[in-house]
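J.: Just dropping this structure here.
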Amino acid sequence: MPELPEVETVRGQLEPLLVGARIIDGDSHPSGKFNQAPDAVGHSIEAVRRRGKYLLVDLLPDRGGRRELIVHLGMTGGLHVVPSPDDDPYQRARWGLDDGRHLVFRDIRRFGRIAVVAHGDHRSLPTLHQLGPEPFDPGLDAAGFHARLVRSNRRIKTHLLSQRPIAGVGNIYADEALWRACIHPGARRVGLERSGRLLDALRSVLTEALAHNGTTLRDFRTVDGATGSNQHRLDCYGRSGQPCGRCGSALTSRSLDQRTSTWCPTCQAR
DNA sequence: CGGGGTTCCTGGCCGC
DNA sequence: TGCGGCCAGGAACCCC
């Protein structure tokens, strides 16, 4: 599932392909999750940015104010630039570019989302509107992260997945970072020292995943159709029953707040 | 307004 | 071989 490293991998590949192109036509699947895609027609692409798991495409219109094309990849979404579209049944949106190429959004399970809004107006996307700071924001330190973590009494992992303490962390990298920081996913009170450890763990886990073009469990593909390779480096996620790489205990798995979590019962004791 | 429950989706996998 | 049932899960959405 695309989280920060996967989305950033896509952003980095997409930007040089798209900047300067003009969108001349578009169509979409009728679902309300995708049917704003054609609203980007008539705009030129200025930049491709990212906030958390959201791709933000800055649009310069022929006339009127600046707009923004927002794409969330959901579980199985992918963006590809192709010379001509085929009859892919999982294509959910397509934008024709002025040089004849097409930007295509394909998403098997339709958990993704597309919006076209006035530039910077994120009110229609509550999670983006209330998104926490980027993990690599140099202004974010242990004290600041701790202050955001203690705003909620929910389980630490549930809080991380809400995107409010920090942006871009999903189930895979939450499990990985909590394992690395030796924090139980169900912990509710995390002090300053553990907050600092968790921030460091998040940064290292995300940096390493980005260096390997993200994690492909099944569906994730980069813009050119390649898989990531970080799946071979996971210490915790999806490894229930296998030995912990630190202490050898069998990793355990359980559903917390309707989300599967895996952790080491020894290293990550309550 | 925070938090809890529900919903959207389909392919892969398991057991019979 | 075929098929019903279950699972994966981000974020919008509704409600208290």
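In the structure tokens, chains take letters A, B, ... by order of appearance, with residues numbered from 1 within each chain and ligands from 1 in the order shown.
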Enumerate, in order of chain and increasing residue number, the residues of chain B with an atom no farther than 10 Å from chain A, each with its shortest atom pair and distance in Å to one decimal, counting only C-alpha atoms (C1' of nucleotides), as JSON lines.

T.:
```
{"residue": "B:DG2", "atom": "C1'", "partner": "A:Ser152", "partner_atom": "CA", "distance": 8.7}
{"residue": "B:DG3", "atom": "C1'", "partner": "A:Arg154", "partner_atom": "CA", "distance": 8.9}
{"residue": "B:DG4", "atom": "C1'", "partner": "A:Asp257", "partner_atom": "CA", "distance": 9.6}
{"residue": "B:DC8", "atom": "C1'", "partner": "A:Phe111", "partner_atom": "CA", "distance": 7.1}
{"residue": "B:DC9", "atom": "C1'", "partner": "A:Arg109", "partner_atom": "CA", "distance": 4.6}
{"residue": "B:DT10", "atom": "C1'", "partner": "A:Arg109", "partner_atom": "CA", "distance": 5.3}
{"residue": "B:DG11", "atom": "C1'", "partner": "A:Ile108", "partner_atom": "CA", "distance": 8.8}
```

J.: Selected residues, N, CA and C atoms (P, O5', C5', C4', C3', O3' and C1' of nucleotides), written as an mmCIF file, in the first residue's frame, please.

T.:
```cif
data_model
loop_
_atom_site.group_PDB
_atom_site.id
_atom_site.type_symbol
_atom_site.label_atom_id
_atom_site.label_comp_id
_atom_site.auth_asym_id
_atom_site.auth_seq_id
_atom_site.Cartn_x
_atom_site.Cartn_y
_atom_site.Cartn_z
ATOM 1 P P DG B 2 -10.357 17.659 17.448
ATOM 2 O "O5'" DG B 2 -10.122 16.358 18.324
ATOM 3 C "C5'" DG B 2 -10.311 16.419 19.730
ATOM 4 C "C4'" DG B 2 -10.923 15.129 20.206
ATOM 5 C "C3'" DG B 2 -10.290 13.873 19.612
ATOM 6 O "O3'" DG B 2 -10.158 12.916 20.652
ATOM 7 C "C1'" DG B 2 -12.615 13.886 19.142
ATOM 8 P P DG B 3 -9.280 11.623 20.412
ATOM 9 O "O5'" DG B 3 -10.383 10.501 20.233
ATOM 10 C "C5'" DG B 3 -11.339 10.293 21.265
ATOM 11 C "C4'" DG B 3 -12.451 9.429 20.734
ATOM 12 C "C3'" DG B 3 -11.990 8.158 19.999
ATOM 13 O "O3'" DG B 3 -12.766 7.086 20.476
ATOM 14 C "C1'" DG B 3 -13.538 9.314 18.693
ATOM 15 P P DG B 4 -12.164 5.629 20.489
ATOM 16 O "O5'" DG B 4 -13.364 4.785 19.902
ATOM 17 C "C5'" DG B 4 -14.647 4.858 20.500
ATOM 18 C "C4'" DG B 4 -15.691 4.487 19.484
ATOM 19 C "C3'" DG B 4 -15.331 3.258 18.638
ATOM 20 O "O3'" DG B 4 -16.369 2.295 18.770
ATOM 21 C "C1'" DG B 4 -16.033 5.061 17.256
ATOM 22 P P DC B 8 -20.974 0.238 0.720
ATOM 23 O "O5'" DC B 8 -19.724 0.675 -0.176
ATOM 24 C "C5'" DC B 8 -19.503 2.055 -0.441
ATOM 25 C "C4'" DC B 8 -18.070 2.254 -0.872
ATOM 26 C "C3'" DC B 8 -17.605 1.289 -1.979
ATOM 27 O "O3'" DC B 8 -17.074 2.068 -3.031
ATOM 28 C "C1'" DC B 8 -16.023 1.401 -0.229
ATOM 29 P P DC B 9 -17.396 1.659 -4.535
ATOM 30 O "O5'" DC B 9 -16.141 0.734 -4.824
ATOM 31 C "C5'" DC B 9 -16.305 -0.623 -4.951
ATOM 32 C "C4'" DC B 9 -14.948 -1.268 -4.964
ATOM 33 C "C3'" DC B 9 -15.015 -2.685 -5.449
ATOM 34 O "O3'" DC B 9 -14.722 -2.662 -6.832
ATOM 35 C "C1'" DC B 9 -13.596 -2.466 -3.514
ATOM 36 P P DT B 10 -15.123 -3.879 -7.726
ATOM 37 O "O5'" DT B 10 -13.845 -4.817 -7.629
ATOM 38 C "C5'" DT B 10 -12.580 -4.303 -7.986
ATOM 39 C "C4'" DT B 10 -11.526 -5.300 -7.571
ATOM 40 C "C3'" DT B 10 -11.792 -6.718 -8.078
ATOM 41 O "O3'" DT B 10 -10.638 -7.127 -8.764
ATOM 42 C "C1'" DT B 10 -11.363 -6.734 -5.744
ATOM 43 P P DG B 11 -10.658 -8.498 -9.608
ATOM 44 O "O5'" DG B 11 -9.347 -9.156 -9.002
ATOM 45 C "C5'" DG B 11 -8.179 -8.351 -8.847
ATOM 46 C "C4'" DG B 11 -7.222 -9.046 -7.914
ATOM 47 C "C3'" DG B 11 -6.931 -10.494 -8.273
ATOM 48 O "O3'" DG B 11 -5.558 -10.717 -8.009
ATOM 49 C "C1'" DG B 11 -7.907 -10.396 -6.106
#
```

J.: If we count only C-alpha atoms (C1' of nucleotides), which residues of chain A reach to within 12 Å of chain C? Please list them as a PyMOL selection string.

T.: chain A and resi 1-3+32-33+53-54+72-77+109-113+124-128+161-163+168-172+217-219+238+255+257-261

J.: What is the distance, in Å and to one decimal place, between atom CA of A:Gly132 and atom CA of A:Asn35?

T.: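 We find that atom CA of A:Gly132 and atom CA of A:Asn35 lie 27.4 Å from each other.
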
J.: For the alpha helix (DSSP H) assignment from backbone DSSP, which residues of stretch 29-220 of chain A qualify? Please present them as number ranges by chain.

T.: A: 126-129, 142-149, 156-161, 171-181, 192-211

J.: Go ahead and dump the residues you just picked, C-alpha atoms, as a compact mmCIF listing (two decimals), in the first residue's frame.

T.:
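Output file part_34.txt follows:
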```txt
# COMPACT_ATOMS: atom_id res chain seq x y z
CA PRO A 126 -10.16 16.33 5.94
CA THR A 127 -7.10 14.17 6.48
CA LEU A 128 -4.98 16.36 4.19
CA HIS A 129 -6.47 19.47 5.77
CA ALA A 142 11.47 15.16 19.67
CA ALA A 143 9.74 17.78 21.80
CA GLY A 144 7.49 18.89 18.97
CA PHE A 145 6.64 15.32 18.02
CA HIS A 146 5.93 14.44 21.64
CA ALA A 147 3.61 17.43 21.93
CA ARG A 148 1.65 16.18 18.91
CA LEU A 149 1.56 12.59 20.18
CA ILE A 156 0.08 5.13 19.61
CA LYS A 157 -0.23 3.18 16.38
CA THR A 158 -3.84 4.17 15.80
CA HIS A 159 -2.81 7.78 16.34
CA LEU A 160 0.08 7.47 13.84
CA LEU A 161 -2.27 6.02 11.21
CA ASN A 171 0.48 0.18 8.49
CA ILE A 172 3.78 -1.12 7.14
CA TYR A 173 6.06 1.68 8.31
CA ALA A 174 4.19 2.14 11.59
CA ASP A 175 4.88 -1.51 12.47
CA GLU A 176 8.49 -1.19 11.30
CA ALA A 177 9.21 2.01 13.22
CA LEU A 178 7.53 0.83 16.42
CA TRP A 179 9.58 -2.36 16.24
CA ARG A 180 12.77 -0.38 15.71
CA ALA A 181 11.94 1.99 18.59
CA LEU A 192 9.60 12.48 25.60
CA GLU A 193 12.38 9.92 25.46
CA ARG A 194 10.30 7.34 23.61
CA SER A 195 8.86 10.02 21.31
CA GLY A 196 12.39 10.92 20.28
CA ARG A 197 13.23 7.27 19.67
CA LEU A 198 10.10 6.85 17.59
CA LEU A 199 10.83 9.93 15.49
CA ASP A 200 14.36 8.68 14.83
CA ALA A 201 13.00 5.23 13.95
CA LEU A 202 10.40 6.68 11.59
CA ARG A 203 13.03 8.75 9.83
CA SER A 204 15.43 5.85 9.38
CA VAL A 205 12.73 3.40 8.28
CA LEU A 206 11.32 5.86 5.75
CA THR A 207 14.77 6.87 4.47
CA GLU A 208 15.75 3.25 3.87
CA ALA A 209 12.45 2.43 2.17
CA LEU A 210 12.82 5.45 -0.11
CA ALA A 211 16.33 4.34 -1.02
```

J.: Taking the backbone alone, and naming residues the way the document does, which bits of stretch 38-242 of chain A are strand (DSSP E) by DSSP, as a ChimeraX atom specification?

T.: /A:43-51,54-61,67-72,77-82,91-97,102-107,113-118

J.: Identify, on the basis of only C-alpha atoms (C1' of nucleotides), every residue whose closest approach to stretch 19-28 of chain A does not exceed 10 Å; exclude the query and any residue fewer than 5 positions from it along the same chain; express the result as a ChimeraX atom specification.

T.: /A:14,33-48,57-62,91-105,114
